[in-house]
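What follows is a single structure, written as structure tokens, with notes after it.
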Amino acid sequence: MSEKLYIFDTTLRDAEQVPGCQLNTIEKIEVARQLEKLGVDIIEAGFPISSPGDFNSVVEISKAVTSPTICALTRAVEKDIDVAAEALKYAKRGRIHTGIGTSPYHIYEKLNSTPEQIIERAVSAVKYAKKYVEDVEFYAEDAGRSEIEYLARVVEAVIKAGATVVNIPDTTGYCLPNEYGEKIAYLVNNVPNIDRAIISTHCHNDLGMATANTISGIINGARQVEVTINGLGERAGNTAMEEVVMAVACHKNMDFQVDINTHEIMNSSQLVSNLMRMPVQPNKAIVGRNAFAHSSGIHQDGVLKNRETYEIIDPEMVGVDQSSIILTARSGRAALKHHLKEIGRYCDGEELDAIYENFLVLADKKKDITLRDLEILAGQGGKENKTFKLEALQVVCGSSTIPTATVQVSFGGDTFTETASGNGPVDAAFNAVKSITKRRVHVEEYLVQAITRGSDDLGKVHVQISHKGHMYYGFGANTDVVTASVESLLDAIGHIN
Ligand code: KIV
Ligand code: ZN
């Protein structure tokens, strides 16, 4: 019988705290439902003391999903633990994740404390959390740079206090795979009561080692991995769930029971990317647009003879199924709603109407509506920014013309039209938008993504703008890239308070 490897997803906590990735409660529930469909064992739903919004999301996620354990983060502070317990009161299975820094940087500089005081605080926090729930996870923040014998003492003490999972975070992404693996092995071999807890990995990707470190942790005895969809997270991100799951699946010598429905990986990736407005880089392992694309003639020839010559994963296994779904301009709301449900998007009423309207526009332009298209439409429909609405766009460009754009936008019941020129059609249209909205914004990042299946396909545009020292993100999708660009800019500007 294979040993169980627990998948702990922290997309809604460690990734969601990244600027630009914030979700509202409805969106978090949507992601949580998809994570449940994906089969994760634990969903870290938030840090309830941090804001009323986070508190509420943990409450609502606890009500909305039933299979995974719902986890709430705290510091080693009683008030945090009280609030987390309160937020978890509807969870079928709730876990409190409490902890404190254990590296010299944290002990002496951040917490102005001593190693012994830190152990006392850690033990008290675990005991306090135990009053509320049986399932208590302890994190030793910055374990990656903590002195190993001291870390072993902390781990022994918190297990004695009742911790059922001990998390060894490489908070700064500092470790090399062999170092991280050695840390886990040291704990396995030197903590006398280690058999009473599960060791968890939690790796950050500052040196691009998060997945390698996580795998090294598993090889050396960790049986829970903390991961995020698409590897989103603080700074360079966290370990990507899809990478760890598929690495284990591909290497049969790592004989673990992993209860992930891999066919839901791509759906999960797209949903999170759309809702969090974080594009997936094309060459991203497993879920990037190019992850299963073979461009060189030699590779194409090999794949045609036998797929396995250049592919270690059957794309179908991770839900990369390019087949079209049967939705046309004649499909009604019920069919659309049904297919949206298939991709984990539950909606009705005005929200469904908004998506349906966009769907009809797309269906008129495009023969095949794919699941990807639906995910994009759903992302747009749900997040549509109602402040500014693009009514019309006309662009004149070419090699011997000054690019000029006329943009018409409705706003607060009125319609405004401006014409402007620029370095290219997008620049011209952006200049027109800026004069209509009268916002002094600077475009910091502009990304056009994935025209995958021909010239009639959807172009997705992500834009990041700055305004008075703050960053705002916008997203647009349209068969016309200039239109998608204008929509993304209006979306971003609409978020300025
Ligand atoms: O990276 C980290 O140390 C964390 C802890 C709060 C678990 O995210
Ligand atoms: Zn983290």
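The way I read the labels, and the way they are meant: chains A, B, ... in the order of the structure tokens, residue 1 as the first residue of every chain, and ligand 1 as the first ligand shown, with later ones counted on from there.
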* Can you tell me, as a VMD selection string, what residues are no more than 7 Å from Asp142 in chain A when counting only C-alpha atoms, ignoring any on the same chain fewer than 2 positions away? -> chain A and resid 101 to 103 140 144 to 146 169 to 172
* To do: Check which residues fall inside 9 Å of ligand 1 when counting only C-alpha atoms and all ligand atoms, and print them as number ranges by chain.
  => A: 10, 13-14, 73-75, 97-101, 138-143, 167-173, 202-204, 226, 233-234, 238
Could you save those same residues with N, CA, C and O atoms as a short mmCIF file (atom, residue, chain, number, x, y, z; two decimals), in the first residue's frame?
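Here's the written file part.cif:
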data_model
loop_
_atom_site.label_atom_id
_atom_site.label_comp_id
_atom_site.auth_asym_id
_atom_site.auth_seq_id
_atom_site.Cartn_x
_atom_site.Cartn_y
_atom_site.Cartn_z
N THR A 10 -2.13 26.53 -0.96
CA THR A 10 -2.14 27.84 -0.30
C THR A 10 -2.32 28.99 -1.31
O THR A 10 -1.94 30.13 -1.05
N ARG A 13 -4.11 31.84 0.14
CA ARG A 13 -3.48 32.56 1.25
C ARG A 13 -2.12 33.11 0.81
O ARG A 13 -1.94 34.30 0.64
N ASP A 14 -1.15 32.24 0.51
CA ASP A 14 0.19 32.76 0.20
C ASP A 14 0.21 33.49 -1.15
O ASP A 14 0.92 34.48 -1.32
N LEU A 73 -4.59 30.56 8.74
CA LEU A 73 -3.25 30.93 9.23
C LEU A 73 -3.33 31.89 10.42
O LEU A 73 -4.23 32.74 10.47
N THR A 74 -2.39 31.75 11.32
CA THR A 74 -2.29 32.70 12.43
C THR A 74 -0.81 32.94 12.76
O THR A 74 0.05 32.15 12.37
N ARG A 75 -0.54 34.01 13.49
CA ARG A 75 0.77 34.12 14.13
C ARG A 75 0.66 33.40 15.48
O ARG A 75 -0.45 33.00 15.87
N HIS A 97 -3.25 26.86 11.55
CA HIS A 97 -1.84 26.84 11.13
C HIS A 97 -1.15 28.01 11.84
O HIS A 97 -1.32 29.16 11.45
N THR A 98 -0.48 27.70 12.92
CA THR A 98 0.15 28.76 13.70
C THR A 98 1.66 28.59 13.67
O THR A 98 2.16 27.51 13.39
N GLY A 99 2.38 29.67 13.96
CA GLY A 99 3.84 29.52 13.93
C GLY A 99 4.57 30.80 14.24
O GLY A 99 3.97 31.85 14.47
N ILE A 100 5.89 30.70 14.17
CA ILE A 100 6.76 31.82 14.54
C ILE A 100 8.12 31.62 13.89
O ILE A 100 8.48 30.49 13.55
N GLY A 101 8.87 32.71 13.72
CA GLY A 101 10.18 32.63 13.07
C GLY A 101 11.22 31.93 13.94
O GLY A 101 11.26 32.14 15.15
N PHE A 138 2.03 23.53 12.81
CA PHE A 138 2.96 24.57 13.28
C PHE A 138 3.96 24.89 12.17
O PHE A 138 4.52 23.98 11.55
N TYR A 139 4.20 26.18 11.90
CA TYR A 139 5.25 26.55 10.93
C TYR A 139 6.41 27.22 11.64
O TYR A 139 6.21 28.07 12.50
N ALA A 140 7.60 26.80 11.27
CA ALA A 140 8.82 27.41 11.79
C ALA A 140 9.32 28.36 10.70
O ALA A 140 10.08 27.96 9.82
N GLU A 141 8.85 29.60 10.76
CA GLU A 141 9.14 30.52 9.66
C GLU A 141 10.66 30.69 9.47
O GLU A 141 11.42 30.76 10.43
N ASP A 142 11.05 30.72 8.21
CA ASP A 142 12.47 30.84 7.82
C ASP A 142 13.28 29.63 8.30
O ASP A 142 14.48 29.75 8.59
N ALA A 143 12.61 28.47 8.34
CA ALA A 143 13.33 27.23 8.72
C ALA A 143 14.51 26.99 7.78
O ALA A 143 15.53 26.43 8.18
N ASN A 167 5.48 22.26 9.73
CA ASN A 167 5.81 22.85 8.44
C ASN A 167 7.21 23.45 8.52
O ASN A 167 7.51 24.21 9.44
N ILE A 168 8.04 23.11 7.53
CA ILE A 168 9.44 23.57 7.52
C ILE A 168 9.62 24.52 6.33
O ILE A 168 10.14 24.13 5.27
N PRO A 169 9.19 25.77 6.46
CA PRO A 169 9.22 26.65 5.29
C PRO A 169 10.62 27.15 4.94
O PRO A 169 11.39 27.55 5.82
N ASP A 170 10.90 27.12 3.66
CA ASP A 170 12.08 27.82 3.15
C ASP A 170 11.53 29.18 2.70
O ASP A 170 11.36 29.44 1.51
N THR A 171 11.25 30.01 3.68
CA THR A 171 10.51 31.26 3.48
C THR A 171 11.16 32.17 2.44
O THR A 171 10.47 32.86 1.70
N THR A 172 12.49 32.18 2.42
CA THR A 172 13.17 33.11 1.50
C THR A 172 13.67 32.41 0.24
O THR A 172 14.36 33.03 -0.57
N GLY A 173 13.35 31.15 0.08
CA GLY A 173 13.79 30.42 -1.12
C GLY A 173 15.30 30.30 -1.21
O GLY A 173 15.88 30.31 -2.29
N HIS A 202 7.33 23.70 2.50
CA HIS A 202 6.71 24.96 2.08
C HIS A 202 7.86 25.77 1.49
O HIS A 202 8.64 26.38 2.22
N CYS A 203 8.01 25.71 0.18
CA CYS A 203 9.21 26.28 -0.44
C CYS A 203 8.86 27.48 -1.32
O CYS A 203 7.87 27.46 -2.04
N HIS A 204 9.73 28.47 -1.25
CA HIS A 204 9.57 29.64 -2.13
C HIS A 204 10.62 29.57 -3.23
O HIS A 204 11.63 28.88 -3.12
N GLU A 226 3.19 21.99 0.53
CA GLU A 226 2.40 23.21 0.45
C GLU A 226 2.73 23.87 -0.89
O GLU A 226 3.89 24.16 -1.19
N GLY A 233 2.72 33.27 -5.82
CA GLY A 233 3.02 33.50 -4.41
C GLY A 233 3.98 34.64 -4.22
O GLY A 233 4.42 35.27 -5.20
N GLU A 234 4.29 34.93 -2.97
CA GLU A 234 5.20 36.02 -2.60
C GLU A 234 6.44 36.06 -3.51
O GLU A 234 7.05 35.02 -3.76
N ASN A 238 5.61 30.45 -4.97
CA ASN A 238 5.70 29.23 -4.16
C ASN A 238 5.92 28.04 -5.10
O ASN A 238 5.92 28.20 -6.32
#
* To do: Return as a PyMOL selection string the full set of residues in range 88-232 of chain A whose backbone-based DSSP assignment is strand (DSSP E or B).
  => chain A and resi 94-101+135-141+165-170+198-204+224-228
* Asked: So how far away is CA of Ile229 in chain A from CA of Gln281 in chain A, in Å?
  ->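 Between these atoms lies a distance of 13.1 Å.
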* CA of Lys4 in chain A to CA of Ile260 in chain A, distance in Å rounded to a single decimal ->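 Distance reported for this atom pair: 11.4 Å.
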* Residue with smallest distance to ligand 2 - pool A:Gly53, A:Gly302, A:Gly231, A:Gly332, counting only C-alpha atoms and all ligand atoms ->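 That would be A:Gly231, the residue with the smallest distance to ligand 2.
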* Check the smallest atom-to-atom distance from each of A:Pro52, A:Gly221, A:Gly237, A:Gly208 to ligand 2 using only C-alpha atoms and all ligand atoms, then report the winner. => A:Gly237
